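Structure below is coords-v7.csv: CSV, C-alpha atoms and all ligand atoms.
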```csv
chain,number,residue,atom,x,y,z
A,26,MET,CA,-8.8,-22.9,-2.8
A,27,PRO,CA,-6.6,-21.0,-0.4
A,28,ILE,CA,-7.9,-18.5,2.1
A,29,ILE,CA,-6.5,-15.1,1.0
A,30,ALA,CA,-5.5,-12.6,3.7
A,31,PRO,CA,-4.3,-9.3,2.2
A,32,SER,CA,-1.8,-7.6,4.6
A,33,MET,CA,-3.0,-4.0,5.2
A,34,LEU,CA,0.6,-3.0,6.0
A,35,SER,CA,1.0,-2.3,2.3
A,36,ALA,CA,-2.2,-0.4,1.9
A,37,ASP,CA,-2.3,3.3,1.3
A,38,PHE,CA,-3.0,4.7,4.8
A,39,THR,CA,-4.1,8.1,3.4
A,40,ARG,CA,-7.1,6.3,1.8
A,41,LEU,CA,-7.7,3.5,4.3
A,42,GLY,CA,-11.5,3.6,3.9
A,43,ALA,CA,-11.2,3.0,0.1
A,44,GLU,CA,-8.6,0.2,0.7
A,45,ILE,CA,-11.0,-1.5,3.1
A,46,GLU,CA,-13.8,-1.2,0.6
A,47,MET,CA,-11.6,-2.7,-2.1
A,48,ILE,CA,-11.0,-5.8,0.2
A,49,ASN,CA,-14.7,-5.9,1.1
A,50,THR,CA,-15.7,-6.2,-2.5
A,51,SER,CA,-12.9,-8.6,-3.5
A,52,GLU,CA,-12.6,-12.4,-3.2
A,53,ALA,CA,-10.3,-12.0,-0.2
A,54,ASP,CA,-11.3,-13.9,2.9
A,55,TRP,CA,-9.6,-12.1,5.8
A,56,PHE,CA,-7.9,-8.8,6.7
A,57,HIS,CA,-4.3,-9.5,7.9
A,58,LEU,CA,-3.2,-6.8,10.3
A,59,ASP,CA,0.4,-6.5,11.3
A,60,VAL,CA,1.0,-5.0,14.8
A,61,MET,CA,4.7,-4.2,15.5
A,62,ASP,CA,6.2,-2.7,18.6
A,63,GLY,CA,9.7,-1.7,17.7
A,64,ARG,CA,11.0,-4.2,20.3
A,65,PHE,CA,10.2,-7.7,19.0
A,66,VAL,CA,10.8,-6.5,15.5
A,67,PRO,CA,12.7,-3.4,14.2
A,68,ASN,CA,9.6,-1.5,13.1
A,69,ILE,CA,6.5,0.1,14.5
A,70,THR,CA,3.1,0.0,12.8
A,71,PHE,CA,-0.3,0.5,14.3
A,72,GLY,CA,-2.4,-0.7,17.2
A,73,MET,CA,-5.8,-0.9,18.8
A,74,PRO,CA,-7.3,2.5,17.7
A,75,ILE,CA,-6.6,2.0,14.0
A,76,ILE,CA,-7.9,-1.6,14.2
A,77,ALA,CA,-11.1,-0.5,16.0
A,78,ALA,CA,-11.6,2.2,13.4
A,79,MET,CA,-11.2,-0.2,10.5
A,80,LYS,CA,-13.6,-2.6,12.2
A,81,LYS,CA,-16.4,-0.2,11.6
A,82,THR,CA,-16.5,-0.7,7.9
A,83,ALA,CA,-14.6,-4.0,7.3
A,84,ALA,CA,-16.9,-6.8,6.4
A,85,LYS,CA,-14.4,-9.8,6.8
A,86,PRO,CA,-12.6,-11.3,9.8
A,87,PHE,CA,-9.6,-9.6,11.3
A,88,ASP,CA,-6.5,-11.8,11.4
A,89,VAL,CA,-4.2,-9.9,13.8
A,90,HIS,CA,-0.5,-10.8,13.8
A,91,LEU,CA,1.1,-9.5,17.0
A,92,MET,CA,4.8,-8.9,16.6
A,93,ILE,CA,5.2,-7.6,20.1
A,94,VAL,CA,6.8,-8.6,23.3
A,95,GLU,CA,4.6,-9.6,26.2
A,96,PRO,CA,1.6,-9.9,24.0
A,97,GLU,CA,-0.6,-11.3,26.8
A,98,LYS,CA,-0.9,-7.8,28.3
A,99,TYR,CA,-3.0,-6.8,25.3
A,100,PHE,CA,-5.3,-9.7,24.5
A,101,GLU,CA,-8.3,-8.1,25.9
A,102,ALA,CA,-7.7,-4.8,24.2
A,103,PHE,CA,-7.3,-6.5,20.8
A,104,ALA,CA,-10.4,-8.6,21.4
A,105,LYS,CA,-12.3,-5.3,22.1
A,106,ALA,CA,-10.7,-3.7,19.0
A,107,GLY,CA,-12.2,-6.4,16.8
A,108,ALA,CA,-9.6,-9.2,16.4
A,109,ASP,CA,-11.2,-12.5,15.3
A,110,ILE,CA,-8.0,-14.4,15.1
A,111,LEU,CA,-5.1,-13.4,17.3
A,112,SER,CA,-1.6,-14.7,16.7
A,113,VAL,CA,1.3,-14.4,19.1
A,114,HIS,CA,4.9,-15.2,18.3
A,115,LEU,CA,6.3,-18.5,19.6
A,116,GLU,CA,9.6,-16.5,20.2
A,117,ALA,CA,7.7,-13.9,22.3
A,118,SER,CA,5.8,-16.5,24.4
A,119,PRO,CA,7.6,-18.3,27.2
A,120,HIS,CA,4.2,-19.6,28.2
A,121,LEU,CA,2.7,-20.4,24.8
A,122,HIS,CA,0.0,-22.8,26.0
A,123,ARG,CA,-1.3,-20.3,28.5
A,124,ASN,CA,-1.4,-17.6,25.9
A,125,LEU,CA,-3.5,-19.8,23.5
A,126,GLN,CA,-6.0,-20.6,26.3
A,127,ALA,CA,-6.2,-16.9,27.2
A,128,ILE,CA,-6.9,-15.9,23.6
A,129,LYS,CA,-9.6,-18.6,23.2
A,130,ALA,CA,-11.2,-17.6,26.5
A,131,LEU,CA,-11.8,-14.2,25.0
A,132,GLY,CA,-13.7,-15.7,22.1
A,133,MET,CA,-11.0,-15.4,19.5
A,134,LYS,CA,-9.3,-18.1,17.4
A,135,ALA,CA,-5.7,-18.6,18.6
A,136,GLY,CA,-2.7,-18.4,16.3
A,137,VAL,CA,1.0,-19.0,16.7
A,138,ALA,CA,3.4,-17.2,14.5
A,139,ILE,CA,6.8,-18.8,14.0
A,140,ASN,CA,10.0,-17.2,12.7
A,141,PRO,CA,12.1,-18.6,9.9
A,142,HIS,CA,14.8,-20.0,12.2
A,143,SER,CA,12.5,-21.7,14.7
A,144,PRO,CA,11.9,-25.4,14.2
A,145,ILE,CA,8.4,-26.7,13.6
A,146,SER,CA,9.0,-29.4,16.2
A,147,LEU,CA,8.6,-26.8,18.9
A,148,LEU,CA,4.8,-26.9,18.1
A,149,ALA,CA,4.4,-30.7,18.3
A,150,ASP,CA,3.1,-30.9,21.9
A,151,LEU,CA,0.3,-28.3,21.4
A,152,ILE,CA,-0.6,-28.6,17.8
A,153,GLU,CA,-4.2,-29.6,18.6
A,154,ASP,CA,-4.6,-26.3,20.5
A,155,ILE,CA,-3.5,-24.1,17.6
A,156,ASP,CA,-6.2,-22.8,15.2
A,157,VAL,CA,-3.7,-21.2,12.8
A,158,VAL,CA,0.1,-21.4,12.5
A,159,CYS,CA,1.3,-18.2,10.9
A,160,MET,CA,4.6,-19.4,9.4
A,161,MET,CA,6.9,-16.6,8.6
A,162,SER,CA,8.5,-16.9,5.2
A,163,VAL,CA,10.5,-13.7,5.7
A,164,ASN,CA,12.0,-12.2,8.8
A,165,PRO,CA,9.1,-10.3,10.4
A,166,GLY,CA,9.3,-6.5,10.4
A,167,PHE,CA,8.6,-5.3,6.9
A,168,GLY,CA,6.4,-5.9,3.8
A,169,GLY,CA,7.8,-6.5,0.4
A,170,GLN,CA,10.6,-8.9,1.3
A,171,LYS,CA,11.7,-12.0,-0.6
A,172,PHE,CA,10.3,-15.5,0.2
A,173,ILE,CA,12.8,-17.7,2.0
A,174,PRO,CA,12.8,-21.0,0.0
A,175,GLN,CA,13.4,-23.3,3.0
A,176,THR,CA,9.9,-22.5,4.2
A,177,LEU,CA,8.6,-25.0,1.7
A,178,ARG,CA,10.0,-28.0,3.5
A,179,LYS,CA,8.8,-26.5,6.8
A,180,ILE,CA,5.2,-26.4,5.4
A,181,GLN,CA,5.5,-30.1,4.5
A,182,GLU,CA,6.7,-31.0,7.9
A,183,LEU,CA,4.0,-29.0,9.6
A,184,LYS,CA,1.3,-30.5,7.4
A,185,GLN,CA,2.5,-34.0,8.3
A,186,MET,CA,2.4,-33.1,12.0
A,187,ILE,CA,-1.2,-31.7,11.7
A,188,THR,CA,-2.3,-34.8,9.8
A,189,ASN,CA,-0.7,-37.2,12.3
A,190,ALA,CA,-2.3,-35.5,15.2
A,191,GLY,CA,-5.7,-35.4,13.5
A,192,ALA,CA,-5.8,-31.6,14.2
A,193,ASN,CA,-7.7,-28.9,12.2
A,194,THR,CA,-4.9,-26.3,12.4
A,195,LEU,CA,-4.6,-24.0,9.3
A,196,ILE,CA,-1.2,-23.3,7.8
A,197,GLU,CA,-0.8,-19.6,7.0
A,198,ILE,CA,2.2,-18.4,5.0
A,199,ASP,CA,3.3,-14.8,5.7
A,200,GLY,CA,5.9,-12.9,3.7
A,201,GLY,CA,7.0,-12.8,0.1
A,202,VAL,CA,4.0,-14.5,-1.4
A,203,THR,CA,3.7,-13.7,-5.2
A,204,LEU,CA,1.6,-14.8,-8.1
A,205,ASP,CA,4.7,-16.8,-9.2
A,206,ASN,CA,5.3,-18.8,-6.0
A,207,ALA,CA,1.7,-19.1,-4.7
A,208,ALA,CA,1.0,-22.4,-6.5
A,209,THR,CA,4.2,-24.1,-5.1
A,210,ILE,CA,3.3,-22.8,-1.6
A,211,VAL,CA,-0.2,-24.2,-1.8
A,212,ALA,CA,1.0,-27.5,-3.2
A,213,ALA,CA,3.4,-27.8,-0.2
A,214,GLY,CA,0.3,-27.7,2.1
A,215,ALA,CA,-0.5,-24.1,2.8
A,216,ASP,CA,-4.2,-23.2,3.6
A,217,VAL,CA,-3.9,-19.4,4.0
A,218,LEU,CA,-1.8,-17.0,1.9
A,219,VAL,CA,-1.0,-13.5,3.3
A,220,ALA,CA,-0.1,-11.1,0.6
A,221,GLY,CA,0.8,-7.4,1.1
A,222,ASN,CA,3.0,-6.1,-1.6
A,223,THR,CA,1.6,-8.4,-4.3
A,224,VAL,CA,-1.9,-7.1,-3.7
A,225,PHE,CA,-1.4,-3.5,-3.0
A,226,SER,CA,1.3,-2.7,-5.5
A,227,SER,CA,-0.8,-4.4,-8.2
A,228,SER,CA,-2.5,-2.1,-10.8
A,229,ASN,CA,-5.6,-4.3,-10.4
A,230,PRO,CA,-5.8,-5.5,-6.8
A,231,HIS,CA,-9.2,-7.1,-7.3
A,232,ASN,CA,-7.9,-9.2,-10.1
A,233,THR,CA,-4.6,-10.1,-8.2
A,234,ILE,CA,-6.7,-11.4,-5.3
A,235,LYS,CA,-8.9,-13.4,-7.7
A,236,LEU,CA,-5.7,-14.9,-9.3
A,237,LEU,CA,-4.4,-15.8,-5.8
A,238,LYS,CA,-7.7,-17.4,-4.9
A,239,GLN,CA,-7.6,-19.6,-8.0
A,240,VAL,CA,-4.3,-21.0,-7.1
A,241,GLY,CA,-4.3,-24.8,-6.9
A,242,LYS,CA,-7.9,-25.1,-8.2
B,1,LIG,C1,5.9,-9.0,7.9
B,1,LIG,C2,4.4,-9.1,8.0
B,1,LIG,C3,3.8,-9.5,6.8
B,1,LIG,C4,4.0,-8.6,5.6
B,1,LIG,C5,3.6,-9.3,4.3
B,1,LIG,O1,6.5,-8.8,9.1
B,1,LIG,O2,4.1,-10.0,9.0
B,1,LIG,O3,2.4,-9.8,7.0
B,1,LIG,O4,3.3,-7.4,5.7
B,1,LIG,O5,3.9,-8.5,3.3
B,1,LIG,P1,4.4,-9.0,1.9
B,1,LIG,O6,3.3,-9.9,1.3
B,1,LIG,O7,4.6,-7.8,1.1
B,1,LIG,O8,5.7,-9.8,2.1
B,2,ZN,ZN,1.9,-10.7,9.2
```
Let me see the file written as structure tokens.
Amino acid sequence: MPIIAPSMLSADFTRLGAEIEMINTSEADWFHLDVMDGRFVPNITFGMPIIAAMKKTAAKPFDVHLMIVEPEKYFEAFAKAGADILSVHLEASPHLHRNLQAIKALGMKAGVAINPHSPISLLADLIEDIDVVCMMSVNPGFGGQKFIPQTLRKIQELKQMITNAGANTLIEIDGGVTLDNAATIVAAGADVLVAGNTVFSSSNPHNTIKLLKQVGK
């Protein structure tokens, strides 16, 4: 059964409390929170104050996906705001190994997000140190985009790398996950499915989460 991480980027922010409650009472496992700075990606979303406010009523772990330059400046602030898993982009981290150590030293799980154009092989020398690889299956910046099909072979390659290394790294797929492609993505080796548009544009989000959860069973 995959871990399901609804992306709150697609939630209705005018009723954020109700959306959090919907996730709390659903079969979802994590909250996926997309932080964008208008520099690493061409969009700006939300930051620490919103995350800290959400933390007051959210009953599941916070999976925070940083799409920002110089992410290391804010690790402590995101830890304080309530991040349980903190992912930095490979492409925004000239010192990725140092970033992973710093995130773990603050008591969080360390994730690496990787853009569609970046080869998986760049992760080979530190795969044992990565708790979650957040593999982008769209170009980061916006919800509701179409899944890039080449991601499937990248998932297989990453799965092989993790198995060969005897690592416990989770493979998270982020972007364009739907009820139609989820089974193929899980069959390729994904452990975690992020879903924004699919969950929040559904007329029955609880049931959509349930259906995603049942994938590959
Ligand atoms: C994209 C974000 C994703 C996105 C997923 O930059 O990282 O988490 O919100 O949304 P959907 O599932 O709608 O593609
Ligand atoms: Zn994301």
Which residues, written as a PyMOL selection string, have at least one atom at most 9 Å from Asp156 of chain A, with only C-alpha atoms counted and residues fewer than 2 positions away on the same chain left out? chain A and resi 110+134-137+152-154+158+192-196
Between atom CA of Thr233 of chain A and atom CA of Thr50 of chain A, distance in Å (one decimal):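 According to the coordinates, atom CA of Thr233 of chain A and atom CA of Thr50 of chain A are separated by 13.1 Å.
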Pick out the closest residue to ligand ZN 2 (chain B) from this set: A:Ala53, A:Val211, A:Ile139, A:Ile75. Count all atoms listed in the file.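 Distance minimum relative to ligand ZN 2 (chain B) lands on A:Ile139.
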Give me, as a Markdown table, each residue of segment 60-140 of chain A that comes within 12 Å of segment 32-38 of chain A, together with its shortest interatomic pair and the distance in Å at one decimal, counting only C-alpha atoms, with rows ordered by chain and rising residue number.
```
| residue | atom | partner | partner_atom | distance |
| --- | --- | --- | --- | --- |
| A:Val60 | CA | A:Leu34 | CA | 9.0 |
| A:Met61 | CA | A:Leu34 | CA | 10.4 |
| A:Asn68 | CA | A:Leu34 | CA | 11.6 |
| A:Ile69 | CA | A:Leu34 | CA | 10.8 |
| A:Thr70 | CA | A:Leu34 | CA | 7.8 |
| A:Phe71 | CA | A:Leu34 | CA | 9.1 |
| A:Gly72 | CA | A:Leu34 | CA | 11.8 |
| A:Ile75 | CA | A:Phe38 | CA | 10.2 |
| A:Ile76 | CA | A:Met33 | CA | 10.5 |
| A:Met79 | CA | A:Met33 | CA | 10.5 |
| A:Ala83 | CA | A:Met33 | CA | 11.8 |
| A:Phe87 | CA | A:Ser32 | CA | 10.5 |
| A:Asp88 | CA | A:Ser32 | CA | 9.3 |
| A:Val89 | CA | A:Ser32 | CA | 9.8 |
| A:His90 | CA | A:Ser32 | CA | 9.8 |
```
Of the listed residues A:Glu182, A:Ser226, A:Glu116, A:Lys85, that which approaches Glu52 of chain A most closely, counting all atoms listed in the file: A:Lys85
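Across A:Glu101, A:Glu46, A:Asp59, A:Asp216, the tightest approach to Gly241 of chain A is made by A:Asp216 when counting only C-alpha atoms.
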Tell me, in Å to one decimal, how far atom CA of Pro141 of chain A is from atom CA of Pro230 of chain A. 27.8 Å
I'd like the contact shell of Ala213 of chain A - 9 Å cut-off, all atoms listed in the file, skipping same-chain residues fewer than 2 positions apart - returned as number ranges by chain. A: 177-181, 184, 208-211, 215
For a test of reading the model, state the distance in Å between atom CA of Asp150 of chain A and atom CA of Val113 of chain A, rounded to one decimal.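 Going from atom CA of Asp150 of chain A over to atom CA of Val113 of chain A, I get 16.8 Å.
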Counting only C-alpha atoms and all ligand atoms, what are the residues, protein, DNA or RNA alike, that approach ligand ZN 2 (chain B) to within 9 Å? I want them as a ChimeraX atom specification. /A:32,34,57-60,88-92,138,159,161,165-168,198-200,219-221
Pro74 of chain A environment, 10 Å, all atoms listed in the file, sequence neighbours closer than 6 positions dropped, as a ChimeraX atom specification: /A:80,102-103,106
Nearest to Ala30 of chain A among A:Ile45, A:Ala84, A:Leu218, A:Ile155, with distances taken over all atoms listed in the file: which residue is it?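 Among A:Ile45, A:Ala84, A:Leu218, A:Ile155, it is A:Leu218 that comes nearest to Ala30 of chain A.
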So which one's closest to Met133 of chain A, A:His120, A:Ile145, A:Leu151, A:Lys105? Using all atoms listed in the file, please.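 Closest to Met133 of chain A of all the choices is A:Lys105.
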Taking all atoms listed in the file into account, which of A:Phe56, A:Thr176, A:Ile187, A:Asn206 comes nearest Ile28 of chain A? A:Phe56
